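This report refers to the structure that appears directly beneath it.
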Amino acid sequence: MTTGTALTTADLRVLAEAGGLAPSLHNSQPWRFRPTPDLLGLEVHADLNRAVPAADPDGRALHISLGAAVFNLRVAAAHLGREAVVQLLPNGAEAQPRAVLDLSAPARSAQPFGADLYPAIAGRHSSRHPFTNRDVPEAIVADLITAARDEGVTLTVLEEHGVRRVLDLTAEAEARIAADVTREAETRRWLRLEPSFDGIPLAALGEHDRDARVPMRGFTGHPPRHTTPAERFEALPQLATLTTHSDGQAEWLRTGQAMERVWLLATVHGLRASVLHQAVEIPDTRWRLRDTAEGPANVQLVLRLGYGPPGAASPRRRVEDVLDQVYG
């Protein structure tokens with residue numbers, strides 16, 4: 001790293017707090033942050049003790065979570081007046097750290113992402129409430145597409161036939177997941193770890209199919225612990241996919257950065273979001289999520305976007321639990 005001003009303890013806490021507010025499957029928060037020996041950067045490590053192997057056997061969701069944390073770190077670095085230069089998988093796949101951020105240089109721009117996204121880190125929550133039927137303006141959609149593209153990921157807002165196909169696959173995957181006793185046991189374990197989480201029930205999406213119930217389980221949440229009457233959700237939710245050409249740990253980390261960049265920008269624009277993750281958890285439903293007319297692509301995530309009430313904040317690990325201590 002080049003010569004620069006060392007990160008202070010206060011700087012490291014700001015960074016770790018921002019990174020720790022990233023979304024993750026089952027709110028598992030599978031990360032640890034470690035300052036580089038010269039205190040001019042930060043390493044992002046996978047906390048494999050917080051993996052969810054039944055739902056995520058290949059670690060794809062784990063790496064998407066880490067990528068989201070990396071993007072939050074980039075935003076926090078800009079807030080601290082530092083330029084973040086990211087190296088993914090510096091020691092190769094499967095090795096730690098999963099990413100290293102060089103923070104030695106001063107920021108070249110106060111708003112490197114086109115808007116001040118730092119306040120949105122704390123304001124971004126997964127909303128599993130009904131949204132209004134108000135369409136997202138085309139100008140905002142264009143901004144979100146550009147944000148994902150800047151991270152090397154394609155965001156595609158689905159038309160009606162695509163939405164219905166994704167909802168059908170999500171319902172199919174949800175039924176298969178519910179019948180998997182291993183996954184159910186894993187889910188119950190995470191529910192016990194986060195007792196303050198208030199589960200959200202399955203939601204009926206529209207009058208066109210009263211029996212089609214799609215769960216609003218977001219990337220940050222858990223399935224419900226109890227059943228309550230379904231709320232009236234939007235007739236046809238606005239869904240978007242995040243896709244990559246290749247499919248490996250580097251692409252998963254990029255997807256996480258794209259997801260978080262899109263989500264933070266959406267938050268700035270007053271949009272809410274949640275993730276329909278079920279269909280990407282099962283290999284064959286994930287394969288069928290792709291639009292064959294668009295050519296080969298790997299669907300990494302399905303986002304639900306719209307206008308509505310904010311979601312509740314998920315419980316978070318303390319900074320002391322995710323930031324390795326600085327000695328010296």
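If you're wondering about the labels, chains in the structure tokens are A, B, ... by order shown, residues count from 1 in each chain, ligands from 1 in order shown.
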
Residues within 10 Å of Arg176 of chain A, please, as a list in words. Count only C-alpha atoms; anything in the same chain fewer than 5 positions from it doesn't count.
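After dropping sequence-adjacent residues, the list is Thr170, Ala171, Gln278, Ala279 and Ile282 of chain A.
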
Write the residues you've just listed into a file as a PDB file, in the first residue's frame, and include N, CA and C atoms for each of them.
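New file result.pdb:
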```pdb
ATOM      1  N   THR A 170     -40.675 -19.439  -7.233  1.00  0.00           N
ATOM      2  CA  THR A 170     -40.482 -19.150  -5.815  1.00  0.00           C
ATOM      3  C   THR A 170     -41.418 -19.982  -4.956  1.00  0.00           C
ATOM      4  N   ALA A 171     -42.677 -20.099  -5.386  1.00  0.00           N
ATOM      5  CA  ALA A 171     -43.648 -20.909  -4.643  1.00  0.00           C
ATOM      6  C   ALA A 171     -43.238 -22.378  -4.650  1.00  0.00           C
ATOM      7  N   GLN A 278     -35.758 -17.898  -2.237  1.00  0.00           N
ATOM      8  CA  GLN A 278     -36.020 -19.334  -2.229  1.00  0.00           C
ATOM      9  C   GLN A 278     -35.594 -20.020  -3.521  1.00  0.00           C
ATOM     10  N   ALA A 279     -35.965 -19.465  -4.666  1.00  0.00           N
ATOM     11  CA  ALA A 279     -35.715 -20.148  -5.933  1.00  0.00           C
ATOM     12  C   ALA A 279     -34.235 -20.253  -6.272  1.00  0.00           C
ATOM     13  N   ILE A 282     -32.175 -23.554  -4.652  1.00  0.00           N
ATOM     14  CA  ILE A 282     -32.285 -24.903  -5.206  1.00  0.00           C
ATOM     15  C   ILE A 282     -31.754 -24.868  -6.634  1.00  0.00           C
TER      16      ILE A 282
END
```

List the neighbours of segment 300-310 of chain A out to 8 Å using only C-alpha atoms; skip same-chain residues closer than 4 positions along the sequence, and give me the result as a compact mmCIF listing (two decimals) with N, CA and C atoms, in the first residue's frame.
```txt
# COMPACT_ATOMS: atom_id res chain seq x y z
N HIS A 125 -33.49 -1.35 5.16
CA HIS A 125 -34.01 -2.56 5.80
C HIS A 125 -34.79 -3.36 4.77
N SER A 126 -34.87 -4.63 4.99
CA SER A 126 -35.69 -5.48 4.13
C SER A 126 -37.16 -5.31 4.54
N SER A 127 -37.98 -4.89 3.59
CA SER A 127 -39.39 -4.65 3.87
C SER A 127 -40.23 -5.79 3.32
N HIS A 129 -43.46 -5.94 3.90
CA HIS A 129 -44.82 -5.43 3.99
C HIS A 129 -45.39 -5.24 2.58
N PRO A 130 -46.70 -5.09 2.47
CA PRO A 130 -47.28 -4.79 1.16
C PRO A 130 -46.77 -3.45 0.62
N PHE A 131 -46.55 -3.40 -0.68
CA PHE A 131 -46.19 -2.17 -1.35
C PHE A 131 -47.43 -1.63 -2.07
N THR A 132 -47.38 -0.36 -2.44
CA THR A 132 -48.44 0.22 -3.23
C THR A 132 -48.30 -0.26 -4.68
N ASN A 133 -49.32 0.03 -5.49
CA ASN A 133 -49.26 -0.33 -6.91
C ASN A 133 -48.60 0.76 -7.76
N ARG A 134 -47.96 1.71 -7.12
CA ARG A 134 -47.26 2.78 -7.83
C ARG A 134 -46.02 2.23 -8.52
N ASP A 135 -45.87 2.49 -9.80
CA ASP A 135 -44.71 2.02 -10.55
C ASP A 135 -43.46 2.81 -10.16
N VAL A 136 -42.33 2.15 -10.22
CA VAL A 136 -41.06 2.83 -10.03
C VAL A 136 -40.77 3.63 -11.30
N PRO A 237 -46.11 -7.75 -8.15
CA PRO A 237 -44.93 -7.07 -7.58
C PRO A 237 -43.92 -6.71 -8.67
N GLN A 238 -43.16 -5.66 -8.41
CA GLN A 238 -42.11 -5.27 -9.33
C GLN A 238 -40.83 -6.02 -8.93
N LEU A 239 -40.43 -6.95 -9.78
CA LEU A 239 -39.28 -7.80 -9.50
C LEU A 239 -38.15 -7.51 -10.47
N ALA A 240 -36.93 -7.70 -9.98
CA ALA A 240 -35.75 -7.53 -10.81
C ALA A 240 -34.76 -8.64 -10.48
N THR A 241 -34.03 -9.08 -11.47
CA THR A 241 -32.99 -10.09 -11.24
C THR A 241 -31.62 -9.45 -11.34
N LEU A 242 -30.69 -9.99 -10.59
CA LEU A 242 -29.27 -9.65 -10.69
C LEU A 242 -28.57 -10.87 -11.26
N THR A 243 -27.93 -10.70 -12.42
CA THR A 243 -27.30 -11.83 -13.09
C THR A 243 -25.85 -11.52 -13.44
N THR A 244 -25.07 -12.60 -13.58
CA THR A 244 -23.66 -12.51 -14.00
C THR A 244 -23.43 -13.54 -15.09
N TRP A 252 -19.92 -13.84 -7.11
CA TRP A 252 -20.82 -13.72 -5.97
C TRP A 252 -20.49 -12.47 -5.15
N THR A 255 -21.73 -9.57 -7.04
CA THR A 255 -23.19 -9.49 -6.91
C THR A 255 -23.58 -8.83 -5.61
N GLY A 270 -36.29 6.66 -1.85
CA GLY A 270 -37.54 6.41 -1.15
C GLY A 270 -38.17 5.06 -1.46
N LEU A 271 -37.44 4.18 -2.12
CA LEU A 271 -37.95 2.85 -2.45
C LEU A 271 -37.68 1.88 -1.31
N ARG A 272 -38.49 0.83 -1.24
CA ARG A 272 -38.26 -0.28 -0.32
C ARG A 272 -37.89 -1.51 -1.15
N ALA A 273 -37.28 -2.47 -0.49
CA ALA A 273 -36.87 -3.67 -1.21
C ALA A 273 -36.86 -4.87 -0.27
N SER A 274 -36.99 -6.03 -0.87
CA SER A 274 -36.77 -7.29 -0.18
C SER A 274 -36.26 -8.28 -1.21
N VAL A 275 -35.77 -9.42 -0.74
CA VAL A 275 -35.21 -10.43 -1.63
C VAL A 275 -36.07 -11.68 -1.59
N LEU A 276 -36.43 -12.18 -2.76
CA LEU A 276 -37.05 -13.49 -2.86
C LEU A 276 -35.92 -14.49 -3.14
N HIS A 277 -35.49 -15.17 -2.10
CA HIS A 277 -34.27 -15.96 -2.19
C HIS A 277 -34.53 -17.45 -2.41
N VAL A 280 -33.40 -19.36 -5.74
CA VAL A 280 -31.96 -19.48 -6.03
C VAL A 280 -31.27 -20.43 -5.06
```

Between atom CA of Arg316 of chain A and atom CA of Glu17 of chain A, what is the distance in Å, rounded to a tenth?
9.4 Å

Within 8 Å of Thr267 of chain A, counting only C-alpha atoms, which residues qualify if same-chain residues fewer than 5 places away don't, as a PDB file with N, CA and C atoms, in the first residue's frame?
```
ATOM      1  N   ALA A 120     -27.925   6.026   4.077  1.00  0.00           N
ATOM      2  CA  ALA A 120     -28.820   4.934   3.698  1.00  0.00           C
ATOM      3  C   ALA A 120     -28.367   3.595   4.268  1.00  0.00           C
ATOM      4  N   GLY A 123     -30.397   3.215   7.175  1.00  0.00           N
ATOM      5  CA  GLY A 123     -31.819   3.291   6.853  1.00  0.00           C
ATOM      6  C   GLY A 123     -32.319   2.165   5.974  1.00  0.00           C
ATOM      7  N   ARG A 124     -31.411   1.364   5.434  1.00  0.00           N
ATOM      8  CA  ARG A 124     -31.803   0.273   4.544  1.00  0.00           C
ATOM      9  C   ARG A 124     -32.251  -0.938   5.357  1.00  0.00           C
ATOM     10  N   ARG A 272     -38.493   0.831  -1.238  1.00  0.00           N
ATOM     11  CA  ARG A 272     -38.262  -0.284  -0.321  1.00  0.00           C
ATOM     12  C   ARG A 272     -37.889  -1.511  -1.147  1.00  0.00           C
TER      13      ARG A 272
END
```

Could you give me, as number ranges by chain, each residue of segment 20-236 of chain A that DSSP assigns to strand (DSSP E) when run on this structure's backbone?
A: 31-35, 41-46, 85-88, 99-102, 154-157, 202-204, 213-215

Could you give me, as an MDAnalysis selection string, the residues within 7 Å of segment 61-65 of chain A, counting only C-alpha atoms and dropping anything in the same chain fewer than 6 positions from it?
chainID A and resid 22:25 30 51 249 252:253 255:256

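Remark: for Glu184 of chain A, the closest of the candidate residues A:Ala250, A:Leu289, A:Ala54, A:Ala99 is A:Ala54 (distances computed over only C-alpha atoms).
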
Nearest residue to Thr9 of chain A out of A:Ala77, A:Glu260, A:Asn27, A:Pro35, using only C-alpha atoms?
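Under the stated criterion, the closest residue is A:Pro35.
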
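Distances here use only C-alpha atoms; by that measure, the residue among A:Leu80, A:Trp31, A:Leu236, A:Ser104 closest to His161 of chain A is A:Leu236.
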
In Å and to one decimal, atom CA of Pro112 of chain A is distant from atom CA of Glu251 of chain A by 21.9 Å

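One distance worth recording is that between atom CA of Ala18 of chain A and atom CA of Asn72 of chain A, which is 5.6 Å.
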
For Arg32 of chain A: contacts at 12 Å, only C-alpha atoms, fewer than 5 positions along chain excluded, given as a VMD selection string:
chain A and resid 15 to 17 19 to 20 42 to 50 65 to 66 69 to 70 96 to 100 317 to 325

Selection file, N, CA and C atoms, as a short mmCIF file (atom, residue, chain, number, x, y, z; two decimals), in the first residue's frame:
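Saved to out-v6.cif:
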```
data_model
loop_
_atom_site.label_atom_id
_atom_site.label_comp_id
_atom_site.auth_asym_id
_atom_site.auth_seq_id
_atom_site.Cartn_x
_atom_site.Cartn_y
_atom_site.Cartn_z
N LEU A 15 -16.02 1.96 10.10
CA LEU A 15 -15.99 1.02 9.00
C LEU A 15 -16.68 -0.30 9.38
N ALA A 16 -16.33 -0.83 10.54
CA ALA A 16 -16.90 -2.12 10.95
C ALA A 16 -18.40 -2.02 11.20
N GLU A 17 -18.83 -0.91 11.75
CA GLU A 17 -20.27 -0.74 11.98
C GLU A 17 -21.01 -0.72 10.65
N GLY A 19 -19.96 -1.99 7.71
CA GLY A 19 -19.89 -3.32 7.11
C GLY A 19 -20.85 -4.28 7.77
N GLY A 20 -21.00 -4.17 9.08
CA GLY A 20 -21.86 -5.07 9.83
C GLY A 20 -23.34 -4.84 9.62
N LEU A 42 -8.23 -2.60 5.27
CA LEU A 42 -9.08 -3.51 6.04
C LEU A 42 -9.27 -4.80 5.24
N GLU A 43 -9.14 -5.92 5.94
CA GLU A 43 -9.41 -7.22 5.35
C GLU A 43 -10.82 -7.67 5.72
N VAL A 44 -11.47 -8.36 4.79
CA VAL A 44 -12.80 -8.92 5.03
C VAL A 44 -12.67 -10.43 5.00
N HIS A 45 -12.96 -11.06 6.14
CA HIS A 45 -12.85 -12.50 6.28
C HIS A 45 -14.24 -13.12 6.39
N ALA A 46 -14.39 -14.33 5.86
CA ALA A 46 -15.61 -15.09 6.05
C ALA A 46 -15.58 -15.75 7.41
N ASP A 47 -16.64 -15.54 8.20
CA ASP A 47 -16.79 -16.22 9.48
C ASP A 47 -17.56 -17.51 9.21
N LEU A 48 -16.82 -18.58 8.97
CA LEU A 48 -17.45 -19.83 8.56
C LEU A 48 -18.25 -20.48 9.67
N ASN A 49 -18.06 -20.03 10.90
CA ASN A 49 -18.90 -20.53 12.00
C ASN A 49 -20.33 -20.04 11.89
N ARG A 50 -20.55 -19.03 11.01
CA ARG A 50 -21.89 -18.47 10.84
C ARG A 50 -22.44 -18.78 9.44
N SER A 65 -23.27 -11.94 0.80
CA SER A 65 -23.29 -11.15 2.04
C SER A 65 -21.98 -10.40 2.24
N LEU A 66 -20.87 -11.10 2.02
CA LEU A 66 -19.56 -10.46 2.18
C LEU A 66 -19.39 -9.33 1.17
N ALA A 69 -21.16 -6.34 2.41
CA ALA A 69 -20.37 -5.70 3.46
C ALA A 69 -19.23 -4.90 2.86
N VAL A 70 -18.59 -5.44 1.82
CA VAL A 70 -17.51 -4.73 1.14
C VAL A 70 -18.01 -3.40 0.59
N GLN A 96 -8.58 -17.14 2.88
CA GLN A 96 -8.82 -15.88 3.57
C GLN A 96 -7.67 -14.92 3.30
N PRO A 97 -7.91 -13.59 3.33
CA PRO A 97 -9.22 -12.96 3.40
C PRO A 97 -9.95 -13.06 2.07
N ARG A 98 -11.27 -12.81 2.11
CA ARG A 98 -12.03 -12.85 0.88
C ARG A 98 -11.90 -11.54 0.09
N ALA A 99 -11.55 -10.47 0.77
CA ALA A 99 -11.32 -9.18 0.11
C ALA A 99 -10.42 -8.33 0.98
N VAL A 100 -9.68 -7.45 0.32
CA VAL A 100 -8.84 -6.48 1.02
C VAL A 100 -9.11 -5.10 0.44
N ARG A 317 -24.76 -7.87 15.34
CA ARG A 317 -23.64 -8.19 16.22
C ARG A 317 -22.93 -6.90 16.63
N ARG A 318 -22.34 -6.91 17.80
CA ARG A 318 -21.59 -5.74 18.27
C ARG A 318 -20.33 -5.57 17.43
N VAL A 319 -19.88 -4.32 17.30
CA VAL A 319 -18.64 -4.06 16.58
C VAL A 319 -17.50 -4.89 17.16
N GLU A 320 -17.47 -5.02 18.48
CA GLU A 320 -16.40 -5.80 19.14
C GLU A 320 -16.40 -7.27 18.71
N ASP A 321 -17.54 -7.75 18.23
CA ASP A 321 -17.65 -9.15 17.85
C ASP A 321 -17.25 -9.39 16.40
N VAL A 322 -17.14 -8.33 15.61
CA VAL A 322 -16.80 -8.51 14.19
C VAL A 322 -15.49 -7.83 13.79
N LEU A 323 -14.95 -6.99 14.65
CA LEU A 323 -13.71 -6.28 14.35
C LEU A 323 -12.59 -6.83 15.21
N ASP A 324 -11.57 -7.37 14.55
CA ASP A 324 -10.43 -7.89 15.29
C ASP A 324 -9.71 -6.74 15.97
N GLN A 325 -9.23 -6.97 17.18
CA GLN A 325 -8.62 -5.93 17.99
C GLN A 325 -7.32 -5.46 17.37
#
```

Skip Arg149 of chain A itself and residues of its chain fewer than 4 positions away, then list as JSON, numbers by chain all residues within 12 Å of it, counting only C-alpha atoms.
{"A": [142, 143, 144, 145, 153, 154, 155, 156, 242, 243, 244, 254, 255, 257, 258, 259, 261, 262]}
